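Read through the structure below, which is laid out as C-alpha coordinates, and then see the notes.
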Amino acid sequence: MNATAPSRRVRLTPLTVRDYLVLLLAVLVVVLPLGYMLLASFKGPSDLATTDLIVFPEVWKPENYSEAAQKVPFGRLFLNSGIVTVVGAGLKVLLAILTAYGLVFCEFPGKKYVFWGVLATMMVPPQVTALPNYVFISGLGGENTYWGLILPGLGTGFGTFLLRQAFMQLPYEVIEAAHLDGAGHWRRLWHCVVPMSLPSIATVALVSVVYEWNDYLWPLIIITDPEMMTLPRGLTLLQNSESAASSFGVLMAGTVMVLLPILLVFAILQRHIVNGFTQGGVKG
Amino acid sequence: MTAVTVKRPRQALSGRRIREWLTFLAFVLPNVALIVVFTYRPLFQNIYYSTLNWTLGSKFATPVGLGNYREFFASGEASKVLTTTAIFTVATVGFTLALGLGVALALNRKLPGAGFAQATVFAPYILSGYGVGLAWLYIFDPNIGALSAILRDIGLNSPEWINSPPWTLTMVIIVYVWKNLGYAAVVYLAGLQAVPAELLEAADLDGAGPVRRFFTVTVPLLSPTTFFLMVTTILSSLQAFDLLIAMDKLGRGSRTLIFDAYLTGFKEQSQAGYSAMLSTVLFAILVVLTLIQLIVVERRVHYR
(Lines give C-alpha, C1' and ligand atoms only; values in the text may rest on other atoms or scores of the structure.)
Protein backbone atom coordinates (compact mmCIF):
# COMPACT_ATOMS: atom_id res chain seq x y z
CA MET A 1 0.00 0.00 0.00
CA ASN A 2 3.05 2.24 0.28
CA ALA A 3 3.50 1.99 -3.48
CA THR A 4 0.83 4.61 -4.11
CA ALA A 5 2.12 7.06 -1.54
CA PRO A 6 4.44 9.67 -3.04
CA SER A 7 7.93 9.17 -1.74
CA ARG A 8 8.85 12.19 0.23
CA ARG A 9 11.76 13.18 2.29
CA VAL A 10 11.09 13.33 5.98
CA ARG A 11 12.53 16.36 7.68
CA LEU A 12 13.78 15.76 11.16
CA THR A 13 11.76 18.27 13.10
CA PRO A 14 11.31 17.83 16.85
CA LEU A 15 7.75 16.72 16.15
CA THR A 16 8.93 14.00 13.79
CA VAL A 17 11.44 12.79 16.34
CA ARG A 18 8.78 12.74 19.04
CA ASP A 19 6.38 10.73 16.88
CA TYR A 20 9.11 8.30 15.91
CA LEU A 21 9.89 7.81 19.57
CA VAL A 22 6.22 7.12 20.32
CA LEU A 23 6.00 4.60 17.48
CA LEU A 24 9.28 2.97 18.43
CA LEU A 25 8.15 2.65 22.03
CA ALA A 26 4.79 1.19 20.99
CA VAL A 27 6.47 -1.34 18.69
CA LEU A 28 8.99 -2.34 21.37
CA VAL A 29 6.27 -2.74 23.98
CA VAL A 30 4.60 -5.26 21.68
CA VAL A 31 7.64 -7.02 20.25
CA LEU A 32 9.81 -7.39 23.36
CA PRO A 33 7.42 -9.51 25.46
CA LEU A 34 6.62 -11.75 22.50
CA GLY A 35 10.29 -12.11 21.62
CA TYR A 36 11.10 -12.82 25.25
CA MET A 37 8.46 -15.55 25.27
CA LEU A 38 9.96 -17.09 22.11
CA LEU A 39 13.47 -17.08 23.63
CA ALA A 40 12.19 -18.47 26.92
CA SER A 41 10.73 -21.43 25.06
CA PHE A 42 14.33 -22.48 24.31
CA LYS A 43 15.66 -22.01 27.83
CA GLY A 44 16.73 -24.79 30.12
CA PRO A 45 16.11 -24.92 33.89
CA SER A 46 19.34 -23.10 34.78
CA ASP A 47 18.43 -20.12 32.59
CA LEU A 48 14.89 -20.06 33.91
CA ALA A 49 15.17 -20.57 37.65
CA THR A 50 17.32 -17.54 38.23
CA THR A 51 16.70 -14.08 39.56
CA ASP A 52 19.03 -12.56 36.95
CA LEU A 53 17.70 -11.19 33.71
CA ILE A 54 18.73 -13.68 31.06
CA VAL A 55 17.49 -12.72 27.63
CA PHE A 56 19.25 -15.23 25.40
CA PRO A 57 19.46 -18.84 26.55
CA GLU A 58 22.98 -19.86 27.49
CA VAL A 59 22.22 -23.36 26.33
CA TRP A 60 19.56 -23.64 23.64
CA LYS A 61 17.07 -26.30 24.54
CA PRO A 62 14.66 -27.06 21.70
CA GLU A 63 13.74 -30.20 23.65
CA ASN A 64 11.19 -28.02 25.46
CA TYR A 65 8.98 -28.50 22.45
CA SER A 66 9.20 -32.28 22.42
CA GLU A 67 8.79 -32.29 26.19
CA ALA A 68 5.64 -30.18 25.90
CA ALA A 69 4.40 -32.57 23.23
CA GLN A 70 4.97 -35.49 25.60
CA LYS A 71 2.98 -33.98 28.43
CA VAL A 72 0.12 -32.89 26.19
CA PRO A 73 -0.51 -34.46 22.77
CA PHE A 74 0.29 -31.28 20.86
CA GLY A 75 0.24 -32.91 17.44
CA ARG A 76 -3.27 -34.09 18.07
CA LEU A 77 -4.21 -30.68 19.54
CA PHE A 78 -2.94 -28.97 16.42
CA LEU A 79 -5.11 -31.24 14.32
CA ASN A 80 -8.14 -30.62 16.57
CA SER A 81 -7.66 -26.86 16.46
CA GLY A 82 -7.25 -27.04 12.69
CA ILE A 83 -10.41 -29.08 12.23
CA VAL A 84 -12.47 -26.91 14.55
CA THR A 85 -11.17 -23.72 12.94
CA VAL A 86 -11.63 -24.80 9.32
CA VAL A 87 -14.99 -26.52 9.75
CA GLY A 88 -16.34 -23.97 12.26
CA ALA A 89 -15.26 -20.89 10.32
CA GLY A 90 -16.24 -22.47 6.98
CA LEU A 91 -19.76 -23.30 8.08
CA LYS A 92 -20.12 -19.91 9.74
CA VAL A 93 -19.22 -18.13 6.51
CA LEU A 94 -21.60 -20.34 4.54
CA LEU A 95 -24.44 -19.64 6.98
CA ALA A 96 -23.71 -15.93 6.88
CA ILE A 97 -23.74 -15.91 3.05
CA LEU A 98 -27.06 -17.76 2.88
CA THR A 99 -28.74 -15.65 5.55
CA ALA A 100 -27.50 -12.37 4.12
CA TYR A 101 -28.65 -13.37 0.62
CA GLY A 102 -32.11 -14.25 1.87
CA LEU A 103 -32.37 -11.00 3.82
CA VAL A 104 -31.32 -8.84 0.88
CA PHE A 105 -32.70 -10.57 -2.22
CA CYS A 106 -35.79 -12.52 -1.13
CA GLU A 107 -39.23 -11.31 -0.20
CA PHE A 108 -40.73 -12.23 3.13
CA PRO A 109 -43.28 -10.54 5.37
CA GLY A 110 -41.58 -9.27 8.50
CA LYS A 111 -38.10 -9.76 7.06
CA LYS A 112 -36.94 -6.79 9.10
CA TYR A 113 -37.75 -8.57 12.36
CA VAL A 114 -35.85 -11.66 11.31
CA PHE A 115 -32.86 -9.40 10.71
CA TRP A 116 -33.19 -7.75 14.13
CA GLY A 117 -33.48 -11.16 15.76
CA VAL A 118 -30.25 -12.29 14.12
CA LEU A 119 -28.49 -9.01 14.87
CA ALA A 120 -29.50 -8.98 18.55
CA THR A 121 -27.48 -12.15 19.15
CA MET A 122 -24.38 -9.96 19.10
CA MET A 123 -25.60 -8.63 22.46
CA VAL A 124 -25.66 -12.11 24.04
CA PRO A 125 -22.15 -13.14 25.03
CA PRO A 126 -21.37 -16.86 24.85
CA GLN A 127 -20.65 -16.80 28.58
CA VAL A 128 -24.32 -16.19 29.36
CA THR A 129 -25.44 -19.20 27.34
CA ALA A 130 -22.55 -21.49 28.36
CA LEU A 131 -24.22 -23.22 31.29
CA PRO A 132 -27.54 -24.16 29.59
CA ASN A 133 -25.68 -25.11 26.41
CA TYR A 134 -23.38 -27.32 28.45
CA VAL A 135 -26.34 -29.07 30.05
CA PHE A 136 -28.01 -29.46 26.63
CA ILE A 137 -24.97 -30.65 24.65
CA SER A 138 -23.65 -32.99 27.32
CA GLY A 139 -27.16 -34.43 27.62
CA LEU A 140 -27.00 -35.28 23.92
CA GLY A 141 -23.62 -36.95 24.41
CA GLY A 142 -21.64 -34.11 22.85
CA GLU A 143 -18.94 -33.92 25.50
CA ASN A 144 -15.50 -34.60 24.04
CA THR A 145 -16.77 -34.66 20.44
CA TYR A 146 -16.06 -32.43 17.46
CA TRP A 147 -19.72 -31.70 16.86
CA GLY A 148 -20.25 -30.75 20.50
CA LEU A 149 -17.29 -28.42 20.21
CA ILE A 150 -18.36 -26.77 16.95
CA LEU A 151 -22.16 -26.76 16.79
CA PRO A 152 -23.24 -24.29 19.51
CA GLY A 153 -21.06 -21.48 18.16
CA LEU A 154 -22.15 -21.70 14.52
CA GLY A 155 -25.06 -19.28 14.42
CA THR A 156 -23.69 -15.94 13.33
CA GLY A 157 -24.97 -12.42 13.85
CA PHE A 158 -21.75 -10.61 13.03
CA GLY A 159 -21.13 -12.37 9.71
CA THR A 160 -24.72 -11.93 8.60
CA PHE A 161 -24.63 -8.25 9.48
CA LEU A 162 -21.42 -7.60 7.59
CA LEU A 163 -22.40 -9.53 4.46
CA ARG A 164 -25.87 -7.99 4.40
CA GLN A 165 -24.21 -4.56 4.28
CA ALA A 166 -21.95 -5.76 1.45
CA PHE A 167 -24.77 -7.37 -0.57
CA MET A 168 -26.92 -4.26 -0.32
CA GLN A 169 -24.21 -2.23 -2.00
CA LEU A 170 -23.92 -4.51 -5.03
CA PRO A 171 -25.07 -3.07 -8.37
CA TYR A 172 -28.68 -4.15 -8.55
CA GLU A 173 -28.76 -4.13 -12.37
CA VAL A 174 -26.23 -6.94 -12.66
CA ILE A 175 -28.25 -9.24 -10.44
CA GLU A 176 -31.48 -8.24 -12.10
CA ALA A 177 -29.94 -8.97 -15.53
CA ALA A 178 -29.03 -12.47 -14.37
CA HIS A 179 -32.57 -12.83 -13.10
CA LEU A 180 -34.00 -11.89 -16.50
CA ASP A 181 -31.62 -14.37 -18.11
CA GLY A 182 -33.46 -17.00 -16.16
CA ALA A 183 -30.97 -17.54 -13.33
CA GLY A 184 -32.70 -18.69 -10.17
CA HIS A 185 -31.76 -17.57 -6.67
CA TRP A 186 -29.18 -20.30 -6.21
CA ARG A 187 -27.40 -19.45 -9.48
CA ARG A 188 -27.57 -15.73 -8.82
CA LEU A 189 -26.04 -16.26 -5.38
CA TRP A 190 -23.06 -18.32 -6.52
CA HIS A 191 -22.48 -16.74 -9.94
CA CYS A 192 -23.16 -13.07 -9.23
CA VAL A 193 -23.41 -12.15 -5.59
CA VAL A 194 -20.59 -14.24 -4.12
CA PRO A 195 -17.95 -13.45 -6.80
CA MET A 196 -18.68 -9.73 -6.44
CA SER A 197 -18.44 -9.83 -2.64
CA LEU A 198 -15.25 -11.82 -2.17
CA PRO A 199 -13.41 -9.15 -0.12
CA SER A 200 -16.24 -8.95 2.42
CA ILE A 201 -16.55 -12.73 2.54
CA ALA A 202 -12.80 -13.01 3.12
CA THR A 203 -13.13 -10.51 5.97
CA VAL A 204 -15.84 -12.56 7.65
CA ALA A 205 -13.79 -15.72 7.10
CA LEU A 206 -10.64 -14.26 8.66
CA VAL A 207 -12.44 -12.89 11.70
CA SER A 208 -14.14 -16.27 12.17
CA VAL A 209 -10.84 -18.13 11.83
CA VAL A 210 -9.18 -15.99 14.49
CA TYR A 211 -12.19 -16.37 16.77
CA GLU A 212 -12.40 -20.16 16.41
CA TRP A 213 -8.66 -20.66 16.87
CA ASN A 214 -8.57 -18.61 20.07
CA ASP A 215 -11.91 -19.68 21.55
CA TYR A 216 -11.36 -20.77 25.10
CA LEU A 217 -14.41 -20.89 27.37
CA TRP A 218 -16.49 -23.39 25.42
CA PRO A 219 -13.64 -25.89 24.83
CA LEU A 220 -12.74 -25.50 28.50
CA ILE A 221 -16.23 -26.58 29.52
CA ILE A 222 -17.11 -29.21 26.95
CA ILE A 223 -13.74 -31.00 26.55
CA THR A 224 -12.02 -32.96 29.30
CA ASP A 225 -10.31 -35.65 27.20
CA PRO A 226 -6.78 -34.51 26.23
CA GLU A 227 -7.14 -36.21 22.85
CA MET A 228 -10.05 -33.93 21.95
CA MET A 229 -8.66 -30.62 23.24
CA THR A 230 -7.95 -27.56 21.12
CA LEU A 231 -4.62 -25.78 21.55
CA PRO A 232 -5.66 -23.06 24.03
CA ARG A 233 -7.54 -25.69 26.04
CA GLY A 234 -4.44 -27.89 26.01
CA LEU A 235 -2.37 -25.03 27.42
CA THR A 236 -4.50 -25.20 30.55
CA LEU A 237 -3.66 -28.86 30.92
CA LEU A 238 0.02 -28.10 30.44
CA GLN A 239 -0.13 -25.23 32.93
CA ASN A 240 -1.76 -27.47 35.51
CA SER A 241 0.78 -30.26 35.02
CA GLU A 242 3.72 -27.89 35.33
CA SER A 243 4.27 -26.16 38.62
CA ALA A 244 8.02 -25.80 39.12
CA ALA A 245 9.56 -22.49 38.08
CA SER A 246 12.04 -24.30 35.86
CA SER A 247 9.21 -25.70 33.75
CA PHE A 248 8.33 -22.29 32.30
CA GLY A 249 10.37 -23.27 29.24
CA VAL A 250 8.00 -26.11 28.41
CA LEU A 251 5.00 -23.88 29.10
CA MET A 252 6.36 -21.15 26.83
CA ALA A 253 6.98 -23.74 24.10
CA GLY A 254 3.29 -24.64 24.30
CA THR A 255 2.32 -20.97 24.25
CA VAL A 256 4.43 -20.36 21.15
CA MET A 257 2.59 -23.18 19.39
CA VAL A 258 -0.72 -21.45 20.14
CA LEU A 259 0.30 -17.90 19.24
CA LEU A 260 2.63 -18.42 16.28
CA PRO A 261 0.17 -19.78 13.66
CA ILE A 262 -2.16 -16.80 14.09
CA LEU A 263 0.79 -14.40 14.02
CA LEU A 264 1.94 -15.93 10.72
CA VAL A 265 -1.53 -15.61 9.20
CA PHE A 266 -1.64 -12.05 10.46
CA ALA A 267 1.75 -11.23 8.96
CA ILE A 268 0.47 -12.28 5.52
CA LEU A 269 -3.05 -10.87 5.64
CA GLN A 270 -2.74 -8.10 8.20
CA ARG A 271 -4.53 -5.42 6.19
CA HIS A 272 -7.65 -7.56 5.72
CA ILE A 273 -7.62 -8.73 9.32
CA VAL A 274 -7.27 -5.23 10.74
CA ASN A 275 -10.12 -4.05 8.51
CA GLY A 276 -12.29 -6.97 9.53
CA PHE A 277 -11.89 -6.37 13.23
CA THR A 278 -12.33 -2.62 13.11
CA GLN A 279 -15.22 -2.56 10.66
CA GLY A 280 -17.99 -0.27 11.79
CA GLY A 281 -15.58 1.86 13.75
CA VAL A 282 -15.26 4.35 10.97
CA LYS A 283 -18.93 4.85 10.40
CA GLY A 284 -19.72 4.79 14.11
CA MET B 1 -34.61 -17.07 -24.47
CA THR B 2 -37.78 -15.31 -25.45
CA ALA B 3 -38.64 -13.12 -22.55
CA VAL B 4 -42.36 -12.87 -22.99
CA THR B 5 -44.07 -11.49 -19.97
CA VAL B 6 -47.41 -13.10 -19.63
CA LYS B 7 -49.93 -11.54 -17.33
CA ARG B 8 -50.56 -14.29 -14.88
CA PRO B 9 -53.82 -14.74 -13.07
CA ARG B 10 -53.92 -13.65 -9.43
CA GLN B 11 -53.92 -17.23 -8.18
CA ALA B 12 -50.58 -18.11 -9.77
CA LEU B 13 -49.00 -14.90 -8.57
CA SER B 14 -49.75 -15.67 -4.97
CA GLY B 15 -48.39 -19.16 -5.52
CA ARG B 16 -45.19 -17.60 -6.74
CA ARG B 17 -45.12 -15.37 -3.70
CA ILE B 18 -45.40 -18.34 -1.40
CA ARG B 19 -42.58 -20.00 -3.26
CA GLU B 20 -40.52 -16.86 -2.78
CA TRP B 21 -41.25 -16.95 0.95
CA LEU B 22 -40.22 -20.58 1.10
CA THR B 23 -36.99 -19.71 -0.70
CA PHE B 24 -36.32 -17.04 1.89
CA LEU B 25 -36.88 -19.55 4.66
CA ALA B 26 -34.57 -22.07 3.02
CA PHE B 27 -31.81 -19.47 2.93
CA VAL B 28 -32.31 -18.10 6.41
CA LEU B 29 -33.55 -21.00 8.45
CA PRO B 30 -30.29 -22.91 9.14
CA ASN B 31 -28.69 -19.89 10.78
CA VAL B 32 -31.87 -18.78 12.53
CA ALA B 33 -32.51 -22.25 13.89
CA LEU B 34 -28.98 -22.43 15.32
CA ILE B 35 -29.41 -19.00 16.86
CA VAL B 36 -32.73 -19.94 18.42
CA VAL B 37 -31.44 -23.24 19.81
CA PHE B 38 -28.01 -22.09 21.01
CA THR B 39 -28.51 -18.42 21.86
CA TYR B 40 -32.11 -17.53 22.64
CA ARG B 41 -33.19 -20.82 24.21
CA PRO B 42 -30.24 -20.92 26.63
CA LEU B 43 -30.61 -17.22 27.34
CA PHE B 44 -34.08 -17.76 28.76
CA GLN B 45 -33.19 -21.09 30.30
CA ASN B 46 -30.36 -19.35 32.10
CA ILE B 47 -32.84 -16.91 33.63
CA TYR B 48 -34.90 -19.89 34.78
CA TYR B 49 -31.81 -21.61 36.23
CA SER B 50 -31.09 -18.45 38.18
CA THR B 51 -34.19 -19.12 40.29
CA LEU B 52 -33.00 -22.58 41.36
CA ASN B 53 -30.88 -23.95 44.12
CA TRP B 54 -29.10 -26.49 41.99
CA THR B 55 -25.73 -28.18 41.89
CA LEU B 56 -24.40 -28.84 38.39
CA GLY B 57 -24.78 -32.52 37.57
CA SER B 58 -27.39 -33.12 40.22
CA LYS B 59 -30.82 -34.39 39.22
CA PHE B 60 -32.57 -32.38 41.91
CA ALA B 61 -33.13 -28.66 42.06
CA THR B 62 -35.19 -26.58 44.48
CA PRO B 63 -36.91 -23.45 43.22
CA VAL B 64 -35.85 -20.52 45.37
CA GLY B 65 -37.41 -17.65 43.44
CA LEU B 66 -35.20 -14.61 43.78
CA GLY B 67 -33.24 -16.25 46.59
CA ASN B 68 -29.96 -16.33 44.66
CA TYR B 69 -30.28 -12.65 43.82
CA ARG B 70 -31.07 -11.80 47.44
CA GLU B 71 -28.14 -13.83 48.68
CA PHE B 72 -25.79 -12.13 46.23
CA PHE B 73 -26.88 -8.56 46.89
CA ALA B 74 -27.43 -8.94 50.64
CA SER B 75 -24.07 -10.56 51.33
CA GLY B 76 -20.88 -8.61 50.83
CA GLU B 77 -20.17 -10.55 47.66
CA ALA B 78 -22.07 -8.26 45.31
CA SER B 79 -20.17 -5.16 46.33
CA LYS B 80 -16.87 -7.05 46.13
CA VAL B 81 -17.45 -8.61 42.73
CA LEU B 82 -19.10 -5.54 41.23
CA THR B 83 -16.29 -3.33 42.52
CA THR B 84 -13.69 -5.59 40.93
CA THR B 85 -15.70 -5.59 37.70
CA ALA B 86 -16.01 -1.79 37.77
CA ILE B 87 -12.31 -1.22 38.53
CA PHE B 88 -11.25 -3.63 35.79
CA THR B 89 -13.64 -2.13 33.23
CA VAL B 90 -13.00 1.54 33.97
CA ALA B 91 -9.22 1.10 34.15
CA THR B 92 -8.92 -1.02 31.00
CA VAL B 93 -11.25 1.23 28.98
CA GLY B 94 -9.62 4.45 30.19
CA PHE B 95 -6.04 3.37 29.55
CA THR B 96 -6.88 1.62 26.27
CA LEU B 97 -8.51 4.75 24.87
CA ALA B 98 -5.94 7.24 26.17
CA LEU B 99 -2.92 5.24 25.03
CA GLY B 100 -4.65 4.21 21.80
CA LEU B 101 -5.23 7.88 20.94
CA GLY B 102 -1.58 8.65 21.70
CA VAL B 103 -0.38 5.94 19.33
CA ALA B 104 -2.94 6.96 16.70
CA LEU B 105 -1.67 10.55 16.75
CA ALA B 106 1.85 9.31 16.06
CA LEU B 107 0.64 6.92 13.33
CA ASN B 108 -1.35 9.70 11.69
CA ARG B 109 1.81 11.59 10.70
CA LYS B 110 2.33 8.91 8.03
CA LEU B 111 6.03 8.68 8.65
CA PRO B 112 7.86 5.92 6.76
CA GLY B 113 7.39 2.74 8.75
CA ALA B 114 4.04 3.80 10.18
CA GLY B 115 2.29 0.96 8.38
CA PHE B 116 4.61 -1.57 9.98
CA ALA B 117 4.14 0.05 13.38
CA GLN B 118 0.36 -0.05 13.00
CA ALA B 119 0.34 -3.75 12.13
CA THR B 120 2.69 -4.57 15.00
CA VAL B 121 0.69 -2.66 17.57
CA PHE B 122 -2.52 -4.32 16.38
CA ALA B 123 -1.14 -7.88 16.46
CA PRO B 124 -1.75 -8.67 20.18
CA TYR B 125 -5.45 -7.98 19.67
CA ILE B 126 -5.91 -11.12 17.58
CA LEU B 127 -3.84 -13.41 19.80
CA SER B 128 -5.28 -16.00 22.15
CA GLY B 129 -6.02 -14.34 25.49
CA TYR B 130 -4.97 -17.48 27.29
CA GLY B 131 -1.62 -17.66 25.49
CA VAL B 132 -0.95 -13.96 26.04
CA GLY B 133 -1.77 -14.35 29.73
CA LEU B 134 0.74 -17.19 30.14
CA ALA B 135 3.49 -15.34 28.26
CA TRP B 136 3.10 -12.33 30.56
CA LEU B 137 2.81 -14.45 33.68
CA TYR B 138 6.39 -15.53 33.11
CA ILE B 139 7.50 -11.89 32.75
CA PHE B 140 5.63 -10.80 35.87
CA ASP B 141 6.80 -13.70 38.04
CA PRO B 142 8.07 -12.01 41.24
CA ASN B 143 10.98 -14.43 41.63
CA ILE B 144 12.27 -15.36 38.20
CA GLY B 145 10.44 -12.92 35.90
CA ALA B 146 12.19 -10.40 33.69
CA LEU B 147 10.26 -7.54 35.24
CA SER B 148 11.37 -8.37 38.75
CA ALA B 149 14.98 -8.62 37.56
CA ILE B 150 14.74 -5.18 35.94
CA LEU B 151 13.10 -3.69 39.03
CA ARG B 152 15.81 -5.21 41.23
CA ASP B 153 18.49 -3.69 39.01
CA ILE B 154 17.08 -0.22 39.65
CA GLY B 155 16.80 -0.95 43.32
CA LEU B 156 13.12 -1.77 43.65
CA ASN B 157 11.35 -4.84 44.93
CA SER B 158 8.91 -6.58 42.68
CA PRO B 159 5.28 -6.16 43.80
CA GLU B 160 3.56 -9.36 44.87
CA TRP B 161 1.84 -9.80 41.51
CA ILE B 162 0.69 -13.33 42.34
CA ASN B 163 -0.06 -13.32 46.05
CA SER B 164 -1.56 -9.89 46.65
CA PRO B 165 -5.05 -9.52 45.11
CA PRO B 166 -4.83 -5.78 44.32
CA TRP B 167 -1.51 -6.33 42.54
CA THR B 168 -2.95 -9.29 40.66
CA LEU B 169 -5.78 -7.11 39.44
CA THR B 170 -3.27 -4.42 38.43
CA MET B 171 -1.21 -6.98 36.51
CA VAL B 172 -4.25 -8.30 34.64
CA ILE B 173 -5.31 -4.74 33.76
CA ILE B 174 -1.85 -3.93 32.38
CA VAL B 175 -1.80 -7.02 30.15
CA TYR B 176 -5.38 -6.52 29.01
CA VAL B 177 -4.60 -2.95 27.95
CA TRP B 178 -1.48 -4.20 26.16
CA LYS B 179 -3.60 -6.66 24.21
CA ASN B 180 -6.35 -4.22 23.20
CA LEU B 181 -4.44 -0.99 22.71
CA GLY B 182 -3.85 -1.58 19.00
CA TYR B 183 -7.55 -1.92 18.31
CA ALA B 184 -8.25 1.50 19.82
CA ALA B 185 -5.26 2.98 17.97
CA VAL B 186 -6.47 1.76 14.56
CA VAL B 187 -10.04 2.95 15.12
CA TYR B 188 -8.79 6.33 16.39
CA LEU B 189 -6.49 6.59 13.38
CA ALA B 190 -9.48 6.25 11.05
CA GLY B 191 -11.25 8.95 13.07
CA LEU B 192 -8.24 11.26 12.87
CA GLN B 193 -8.01 10.83 9.12
CA ALA B 194 -11.59 12.05 8.85
CA VAL B 195 -10.76 15.35 10.61
CA PRO B 196 -10.78 17.97 7.82
CA ALA B 197 -7.36 19.54 7.37
CA GLU B 198 -8.97 22.92 6.60
CA LEU B 199 -10.37 23.15 10.10
CA LEU B 200 -6.96 22.58 11.64
CA GLU B 201 -5.41 25.09 9.22
CA ALA B 202 -8.07 27.65 10.04
CA ALA B 203 -7.39 27.21 13.74
CA ASP B 204 -3.69 27.53 12.99
CA LEU B 205 -4.25 30.82 11.16
CA ASP B 206 -6.30 32.03 14.10
CA GLY B 207 -3.18 31.59 16.18
CA ALA B 208 -4.11 28.39 18.04
CA GLY B 209 -1.05 26.35 18.99
CA PRO B 210 -0.86 22.60 18.47
CA VAL B 211 -2.09 21.78 21.97
CA ARG B 212 -5.05 24.13 21.63
CA ARG B 213 -5.84 22.82 18.15
CA PHE B 214 -5.84 19.31 19.54
CA PHE B 215 -8.26 20.07 22.35
CA THR B 216 -10.57 22.51 20.54
CA VAL B 217 -10.71 20.92 17.08
CA THR B 218 -9.49 17.32 17.08
CA VAL B 219 -10.93 16.04 20.36
CA PRO B 220 -14.49 17.33 19.76
CA LEU B 221 -14.48 15.98 16.20
CA LEU B 222 -13.31 12.64 17.52
CA SER B 223 -16.14 12.34 20.01
CA PRO B 224 -18.20 9.93 17.87
CA THR B 225 -15.13 7.69 17.57
CA THR B 226 -14.48 7.96 21.30
CA PHE B 227 -18.06 7.04 22.02
CA PHE B 228 -17.96 4.05 19.70
CA LEU B 229 -14.72 2.86 21.26
CA MET B 230 -16.04 3.35 24.77
CA VAL B 231 -19.04 1.17 24.03
CA THR B 232 -17.13 -1.62 22.29
CA THR B 233 -14.32 -1.71 24.86
CA ILE B 234 -16.70 -1.59 27.84
CA LEU B 235 -18.63 -4.53 26.37
CA SER B 236 -15.46 -6.54 25.70
CA SER B 237 -13.95 -5.73 29.12
CA LEU B 238 -17.12 -6.99 30.78
CA GLN B 239 -16.71 -10.23 28.84
CA ALA B 240 -12.95 -10.65 29.42
CA PHE B 241 -12.24 -14.15 30.63
CA ASP B 242 -9.37 -16.07 28.95
CA LEU B 243 -6.67 -13.67 30.03
CA LEU B 244 -8.00 -13.44 33.58
CA ILE B 245 -8.11 -17.15 34.19
CA ALA B 246 -4.69 -17.65 32.58
CA MET B 247 -3.04 -15.20 34.98
CA ASP B 248 -5.21 -15.64 38.07
CA LYS B 249 -6.42 -19.23 38.02
CA LEU B 250 -8.36 -19.11 41.29
CA GLY B 251 -9.74 -15.63 40.78
CA ARG B 252 -8.11 -14.20 43.87
CA GLY B 253 -7.57 -10.72 42.50
CA SER B 254 -9.53 -10.39 39.27
CA ARG B 255 -12.80 -12.07 40.13
CA THR B 256 -15.10 -10.05 37.91
CA LEU B 257 -18.77 -10.90 37.38
CA ILE B 258 -18.13 -13.24 34.46
CA PHE B 259 -15.13 -14.88 36.13
CA ASP B 260 -17.20 -15.40 39.28
CA ALA B 261 -19.99 -16.96 37.22
CA TYR B 262 -17.56 -19.49 35.73
CA LEU B 263 -15.86 -20.34 39.02
CA THR B 264 -19.07 -20.76 41.02
CA GLY B 265 -20.81 -22.74 38.27
CA PHE B 266 -18.12 -25.04 36.96
CA LYS B 267 -15.50 -25.07 39.75
CA GLU B 268 -15.66 -24.68 43.50
CA GLN B 269 -19.10 -25.92 44.61
CA SER B 270 -20.63 -26.15 41.11
CA GLN B 271 -23.57 -24.00 42.17
CA ALA B 272 -25.28 -23.83 38.81
CA GLY B 273 -28.28 -21.79 40.00
CA TYR B 274 -26.11 -19.17 41.64
CA SER B 275 -23.84 -19.05 38.60
CA ALA B 276 -26.84 -18.56 36.30
CA MET B 277 -27.93 -15.67 38.52
CA LEU B 278 -24.50 -14.05 38.09
CA SER B 279 -24.54 -14.33 34.32
CA THR B 280 -28.11 -13.03 34.25
CA VAL B 281 -26.92 -9.95 36.16
CA LEU B 282 -24.10 -9.59 33.63
CA PHE B 283 -26.57 -9.85 30.75
CA ALA B 284 -28.82 -7.22 32.34
CA ILE B 285 -25.85 -4.85 32.55
CA LEU B 286 -25.01 -5.50 28.88
CA VAL B 287 -28.61 -4.80 27.83
CA VAL B 288 -28.71 -1.52 29.74
CA LEU B 289 -25.41 -0.41 28.19
CA THR B 290 -26.57 -1.34 24.69
CA LEU B 291 -29.81 0.57 25.15
CA ILE B 292 -27.92 3.64 26.34
CA GLN B 293 -25.73 3.36 23.26
CA LEU B 294 -28.73 3.09 20.94
CA ILE B 295 -30.38 6.13 22.52
CA VAL B 296 -27.23 8.25 22.27
CA VAL B 297 -26.57 7.23 18.65
CA GLU B 298 -30.19 7.91 17.74
CA ARG B 299 -29.96 11.42 19.22
CA ARG B 300 -26.78 12.23 17.45
CA VAL B 301 -28.13 11.10 14.10
CA HIS B 302 -31.16 13.32 14.56
CA TYR B 303 -29.20 16.38 15.58
CA ARG B 304 -27.00 16.19 12.52
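Letters A, B, ... mark the chains of the C-alpha coordinates in the order given; residue numbers begin at 1 per chain; ligand numbers begin at 1, in order shown.
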
Expected answer as a VMD selection string: chain B residues within 7 Å of chain A, only C-alpha atoms
chain B and resid 20 to 21 24 27 to 28 31 to 32 34 to 35 38 to 39 42 to 43 45 to 46 103 106 117 119 to 121 126 to 128 130 to 131 135 143 to 144 146 149 187 190 to 191 224 to 225 228 242 279 to 280 283

Using the chain letters and numbers from this document, which residues of range 31-263 of chain B does DSSP assign to strand (DSSP E), as an mmCIF file with N, CA and C atoms, in the first residue's frame?
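Result file states_17.cif:
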data_model
loop_
_atom_site.group_PDB
_atom_site.id
_atom_site.type_symbol
_atom_site.label_atom_id
_atom_site.label_comp_id
_atom_site.auth_asym_id
_atom_site.auth_seq_id
_atom_site.Cartn_x
_atom_site.Cartn_y
_atom_site.Cartn_z
ATOM 1 N N LEU B 52 -33.085 -21.248 40.747
ATOM 2 C CA LEU B 52 -32.996 -22.576 41.356
ATOM 3 C C LEU B 52 -31.832 -22.674 42.332
ATOM 4 N N ASN B 53 -32.024 -23.507 43.326
ATOM 5 C CA ASN B 53 -30.882 -23.950 44.124
ATOM 6 C C ASN B 53 -30.486 -25.298 43.550
ATOM 7 N N TRP B 54 -29.385 -25.316 42.802
ATOM 8 C CA TRP B 54 -29.104 -26.493 41.992
ATOM 9 C C TRP B 54 -27.600 -26.663 41.815
ATOM 10 N N ALA B 61 -33.284 -30.095 41.907
ATOM 11 C CA ALA B 61 -33.128 -28.657 42.062
ATOM 12 C C ALA B 61 -34.323 -28.133 42.832
ATOM 13 N N THR B 62 -34.080 -27.188 43.725
ATOM 14 C CA THR B 62 -35.191 -26.582 44.477
ATOM 15 C C THR B 62 -35.398 -25.171 43.962
ATOM 16 N N PRO B 63 -36.663 -24.834 43.617
ATOM 17 C CA PRO B 63 -36.911 -23.450 43.218
ATOM 18 C C PRO B 63 -36.752 -22.523 44.424
#

Those of range 153-272 of chain A in DSSP alpha helix (DSSP H), formatted as a PyMOL selection string
chain A and resi 158-168+172-180+185-188+194-196+198-214+217-222+231-241+248-272

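One finds CA of Phe266 in chain B at 21.3 Å from CA of Arg70 in chain B.
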